[in-house]
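Text of final25.pdb (PDB, C-alpha atoms) as supplied:
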```
ATOM      1  CA  MET A 710      -6.807 -99.771 -15.149
ATOM      2  CA  PHE A 711     -10.143 -98.332 -15.891
ATOM      3  CA  LYS A 712     -11.391 -99.477 -12.513
ATOM      4  CA  LYS A 713      -8.687 -97.502 -10.706
ATOM      5  CA  LYS A 714      -9.873 -94.257 -12.274
ATOM      6  CA  LYS A 715     -13.382 -94.834 -11.030
ATOM      7  CA  VAL A 716     -12.151 -95.132  -7.450
ATOM      8  CA  TRP A 717     -10.374 -91.817  -7.609
ATOM      9  CA  ILE A 718     -13.408 -89.902  -8.809
ATOM     10  CA  PRO A 719     -15.593 -90.572  -5.722
ATOM     11  CA  ILE A 720     -12.620 -89.823  -3.462
ATOM     12  CA  ALA A 721     -11.996 -86.533  -5.273
ATOM     13  CA  VAL A 722     -15.698 -85.645  -5.042
ATOM     14  CA  VAL A 723     -15.699 -86.311  -1.279
ATOM     15  CA  LEU A 724     -12.579 -84.247  -0.806
ATOM     16  CA  VAL A 725     -14.005 -81.333  -2.806
ATOM     17  CA  ILE A 726     -17.292 -81.423  -0.885
ATOM     18  CA  GLY A 727     -15.425 -81.563   2.420
ATOM     19  CA  LEU A 728     -13.244 -78.680   1.382
ATOM     20  CA  ILE A 729     -16.252 -76.589   0.326
ATOM     21  CA  GLY A 730     -18.041 -77.431   3.558
ATOM     22  CA  SER A 731     -15.088 -76.428   5.688
ATOM     23  CA  LEU A 732     -14.867 -73.082   3.915
ATOM     24  CA  GLY A 733     -18.500 -72.386   4.748
ATOM     25  CA  ASP A 734     -17.875 -73.208   8.407
ATOM     26  CA  ASN A 735     -14.982 -70.713   8.612
ATOM     27  CA  LYS A 736     -17.120 -67.959   7.148
ATOM     28  CA  GLU A 737     -19.745 -68.434   9.812
ATOM     29  CA  ALA A 738     -17.075 -68.471  12.513
ATOM     30  CA  ASP A 739     -15.451 -65.348  11.039
ATOM     31  CA  THR A 740     -18.800 -63.586  10.963
ATOM     32  CA  LYS A 741     -19.470 -64.477  14.581
ATOM     33  CA  ASN A 742     -15.978 -63.300  15.627
ATOM     34  CA  ALA A 743     -16.317 -60.138  13.647
ATOM     35  CA  ALA A 744     -19.688 -59.392  15.195
ATOM     36  CA  SER A 745     -18.369 -59.887  18.704
ATOM     37  CA  THR A 746     -15.338 -57.592  18.168
ATOM     38  CA  LYS A 747     -17.263 -54.850  16.401
ATOM     39  CA  PRO A 748     -17.193 -51.683  18.560
ATOM     40  CA  THR A 749     -20.456 -50.116  19.556
ATOM     41  CA  ILE A 750     -20.939 -46.375  19.277
ATOM     42  CA  THR A 751     -22.371 -44.876  22.440
ATOM     43  CA  GLN A 752     -22.360 -41.216  21.386
ATOM     44  CA  ALA A 753     -22.460 -39.231  18.168
ATOM     45  CA  PRO A 754     -19.111 -38.132  16.755
ATOM     46  CA  PRO A 755     -18.240 -34.501  17.467
ATOM     47  CA  LYS A 756     -19.397 -32.003  14.872
ATOM     48  CA  VAL A 757     -16.464 -30.474  13.047
ATOM     49  CA  THR A 758     -16.800 -26.857  12.028
ATOM     50  CA  THR A 759     -14.279 -24.920  10.040
ATOM     51  CA  THR A 760     -13.499 -21.332  10.862
ATOM     52  CA  GLN A 761     -11.091 -18.926   9.294
ATOM     53  CA  ALA A 762      -8.143 -17.794  11.313
ATOM     54  CA  PRO A 763      -8.544 -14.222  12.558
ATOM     55  CA  LYS A 764      -6.859 -11.653  10.376
ATOM     56  CA  ALA A 765      -3.762 -10.104  11.842
ATOM     57  CA  PRO A 766      -4.188  -6.417  12.594
ATOM     58  CA  LYS A 767      -2.544  -4.085  10.116
ATOM     59  CA  VAL A 768       0.648  -2.760  11.570
ATOM     60  CA  THR A 769       1.112   0.887  10.773
ATOM     61  CA  THR A 770       4.705   1.923  10.721
ATOM     62  CA  PHE A 771       5.884   5.486  11.079
ATOM     63  CA  ALA A 772       6.695   5.570   7.357
ATOM     64  CA  ASP A 773       2.974   4.973   6.595
ATOM     65  CA  THR A 774       1.757   7.998   8.563
ATOM     66  CA  LYS A 775       0.811  11.400   7.132
ATOM     67  CA  GLU A 776       3.376  12.914   9.466
ATOM     68  CA  ALA A 777       6.189  10.864   7.917
ATOM     69  CA  LYS A 778       5.027  11.476   4.346
ATOM     70  CA  SER A 779       4.811  15.209   4.957
ATOM     71  CA  SER A 780       8.259  15.271   6.567
ATOM     72  CA  GLY A 781       9.682  13.226   3.715
ATOM     73  CA  LEU A 782       8.300  15.577   1.081
ATOM     74  CA  ALA A 783       9.549  18.643   2.959
ATOM     75  CA  CYS A 784      13.005  17.118   3.412
ATOM     76  CA  ARG A 785      13.298  16.133  -0.267
ATOM     77  CA  GLN A 786      12.285  19.666  -1.295
ATOM     78  CA  PHE A 787      14.698  21.182   1.227
ATOM     79  CA  ARG A 788      17.640  19.098   0.005
ATOM     80  CA  ALA A 789      16.888  19.904  -3.640
ATOM     81  CA  THR A 790      16.648  23.608  -2.753
ATOM     82  CA  ALA A 791      19.879  23.503  -0.736
ATOM     83  CA  GLY A 792      21.629  21.811  -3.668
ATOM     84  CA  ASP A 793      20.421  24.489  -6.073
ATOM     85  CA  ALA A 794      21.488  27.234  -3.615
ATOM     86  CA  GLN A 795      24.981  25.714  -3.327
ATOM     87  CA  LYS A 796      25.280  25.704  -7.114
ATOM     88  CA  GLY A 797      24.392  29.426  -7.071
ATOM     89  CA  ILE A 798      21.439  29.027  -9.441
ATOM     90  CA  LEU A 799      18.830  30.598  -7.102
ATOM     91  CA  THR A 800      18.349  34.220  -6.215
ATOM     92  CA  ASN A 801      17.541  35.101  -2.601
ATOM     93  CA  ASP A 802      13.921  35.692  -3.619
ATOM     94  CA  GLU A 803      13.693  32.256  -5.324
ATOM     95  CA  LEU A 804      15.360  30.623  -2.317
ATOM     96  CA  ARG A 805      12.821  32.237   0.025
ATOM     97  CA  LYS A 806       9.882  31.029  -2.144
ATOM     98  CA  LYS A 807      11.226  27.470  -2.207
ATOM     99  CA  LEU A 808      11.802  27.465   1.579
ATOM    100  CA  LYS A 809       8.236  28.721   2.010
ATOM    101  CA  GLU A 810       7.029  25.645   0.034
ATOM    102  CA  VAL A 811       9.204  23.445   2.255
ATOM    103  CA  ASN A 812       7.620  25.030   5.336
ATOM    104  CA  GLU A 813       4.088  24.498   3.944
ATOM    105  CA  ASN A 814       4.788  20.807   3.316
ATOM    106  CA  ALA A 815       6.312  20.391   6.778
ATOM    107  CA  ILE A 816       3.175  21.679   8.559
ATOM    108  CA  ILE A 817       1.862  18.170   9.325
ATOM    109  CA  GLY A 818       5.343  16.640   9.507
ATOM    110  CA  THR A 819       7.282  15.655  12.594
ATOM    111  CA  PRO A 820       7.655  18.419  15.187
ATOM    112  CA  ALA A 821      11.422  18.654  14.631
ATOM    113  CA  VAL A 822      11.034  19.014  10.847
ATOM    114  CA  GLN A 823       8.210  21.573  11.315
ATOM    115  CA  LEU A 824      10.348  23.707  13.624
ATOM    116  CA  ALA A 825      13.476  23.445  11.471
ATOM    117  CA  ALA A 826      11.516  24.428   8.333
ATOM    118  CA  GLN A 827      10.157  27.485  10.152
ATOM    119  CA  HIS A 828      13.661  28.431  11.295
ATOM    120  CA  SER A 829      14.996  28.051   7.721
ATOM    121  CA  LEU A 830      12.279  30.315   6.353
ATOM    122  CA  ALA A 831      12.829  32.832   9.167
ATOM    123  CA  GLY A 832      16.601  32.765   8.597
ATOM    124  CA  ILE A 833      16.346  33.570   4.881
ATOM    125  CA  THR A 834      13.624  36.183   5.505
ATOM    126  CA  SER A 835      15.698  37.990   8.166
ATOM    127  CA  GLY A 836      18.678  38.213   5.818
ATOM    128  CA  ASP A 837      21.081  37.172   8.618
ATOM    129  CA  ALA A 838      23.522  34.705   7.047
ATOM    130  CA  ALA A 839      24.585  33.265  10.446
ATOM    131  CA  ASP A 840      20.986  32.554  11.493
ATOM    132  CA  PHE A 841      20.259  31.056   8.103
ATOM    133  CA  GLY A 842      23.359  28.817   8.316
ATOM    134  CA  VAL A 843      22.291  27.488  11.752
ATOM    135  CA  ALA A 844      18.732  26.916  10.487
ATOM    136  CA  VAL A 845      19.977  24.971   7.437
ATOM    137  CA  LYS A 846      22.054  22.679   9.675
ATOM    138  CA  GLU A 847      19.039  22.233  11.996
ATOM    139  CA  MET A 848      16.807  21.278   9.033
ATOM    140  CA  ASP A 849      19.382  18.821   7.688
ATOM    141  CA  SER A 850      19.737  17.231  11.135
ATOM    142  CA  ALA A 851      15.931  17.010  11.607
ATOM    143  CA  CYS A 852      15.550  15.345   8.210
ATOM    144  CA  THR A 853      18.336  12.859   8.930
ATOM    145  CA  THR A 854      16.861  12.032  12.367
ATOM    146  CA  ALA A 855      13.415  11.495  10.759
ATOM    147  CA  GLY A 856      15.006   9.070   8.284
ATOM    148  CA  HIS A 857      14.722  11.257   5.216
TER     149      HIS A 857
END
```
Can you present the structure in this file as C-alpha cells?
Amino acid sequence: MFKKKKVWIPIAVVLVIGLIGSLGDNKEADTKNAASTKPTITQAPPKVTTTQAPKAPKVTTFADTKEAKSSGLACRQFRATAGDAQKGILTNDELRKKLKEVNENAIIGTPAVQLAAQHSLAGITSGDAADFGVAVKEMDSACTTAGH
C-alpha cells in the first residue's frame, strides 16, 4: 500500500508542473494578442475647454419703465383723490391741490395719463363741473388702459 502512494506523488508533481507551464504559455499568448489588438493613437485628443453660456439679455417690460411707474403713482393718487372727493371730505381748494400733485407725478408718465391729468387739473381750475366730469372719466380711462 505504501508503494501505491509513492506512484501518485510523481504523477501529481508532473501534472502540477504541466498545469503551471500551460498557464505561463497562455499569458504569453494573451500578451501577444493584446499587443496586436491595441489601438495606436495617430493624433492628440481634442482639447476640451469650458465656457459659460452667454447671459440672456435683461428683458425690460413696460411695468419696469419710469413712464409706467410715474403713471402708476399718478393713477393711484388720482383714484385716492377721487374717492375722497366722492365722500365729500375735500374742499374745492384741497381737490385742486391734490390734482396738481397728480399732474406733477404724471409728467413723465404715459402720454394718455399726462394729458388726462392736465385736463383734470384744468377742469377743476376752470370751475366748470361738466368739463371736470369729462376730465375725470378721461383720467380713469387712461389709468385703466395703462393697467393701473
Between CA of Ala821 (chain A) and CA of Lys778 (chain A), distance in Å (one decimal) =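 These atoms are spaced 14.1 Å apart.
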Given only C-alpha atoms as the counted atoms, nearest of A:Val843, A:Thr819, A:Asp837, A:Leu830 to Thr774 (chain A) = A:Thr819
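Using all atoms listed in the file, the smallest distance between any of A:Val822, A:Ile798, A:Ala762, A:Ile833 and Ala783 (chain A) comes from A:Val822.
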Could you please give me, as a list in words, the residues of protein, DNA or RNA lying at most 10 Å from (6.6, 21.9, 10.0) in the coordinate frame of the file, considering all atoms listed in the file?
-> Glu776, Ser779, Ser780, Ala783, Val811, Asn812, Glu813, Asn814, Ala815, Ile816, Ile817, Gly818, Thr819, Pro820, Ala821, Val822, Gln823, Leu824, Ala825, Ala826, Gln827 and His828 of chain A
d(CA of Arg805 (chain A), CA of Ser829 (chain A)) in Å | 9.0 Å
For CA of Ser835 (chain A) and CA of Thr854 (chain A), the interatomic separation in Å (one decimal) =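 We find that CA of Ser835 (chain A) and CA of Thr854 (chain A) lie 26.3 Å from each other.
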Using all atoms listed in the file, which of the listed residues (A:Lys764, A:Lys775, A:Lys756, A:Arg788) sits closest to Ser850 (chain A)?
->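 Of the candidates, the smallest distance to Ser850 (chain A) is held by A:Arg788.
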Nearest residue to Ala791 (chain A) from the set A:His857, A:Val845, A:Gln752, A:Val757 (distances using all atoms listed in the file) = A:Val845
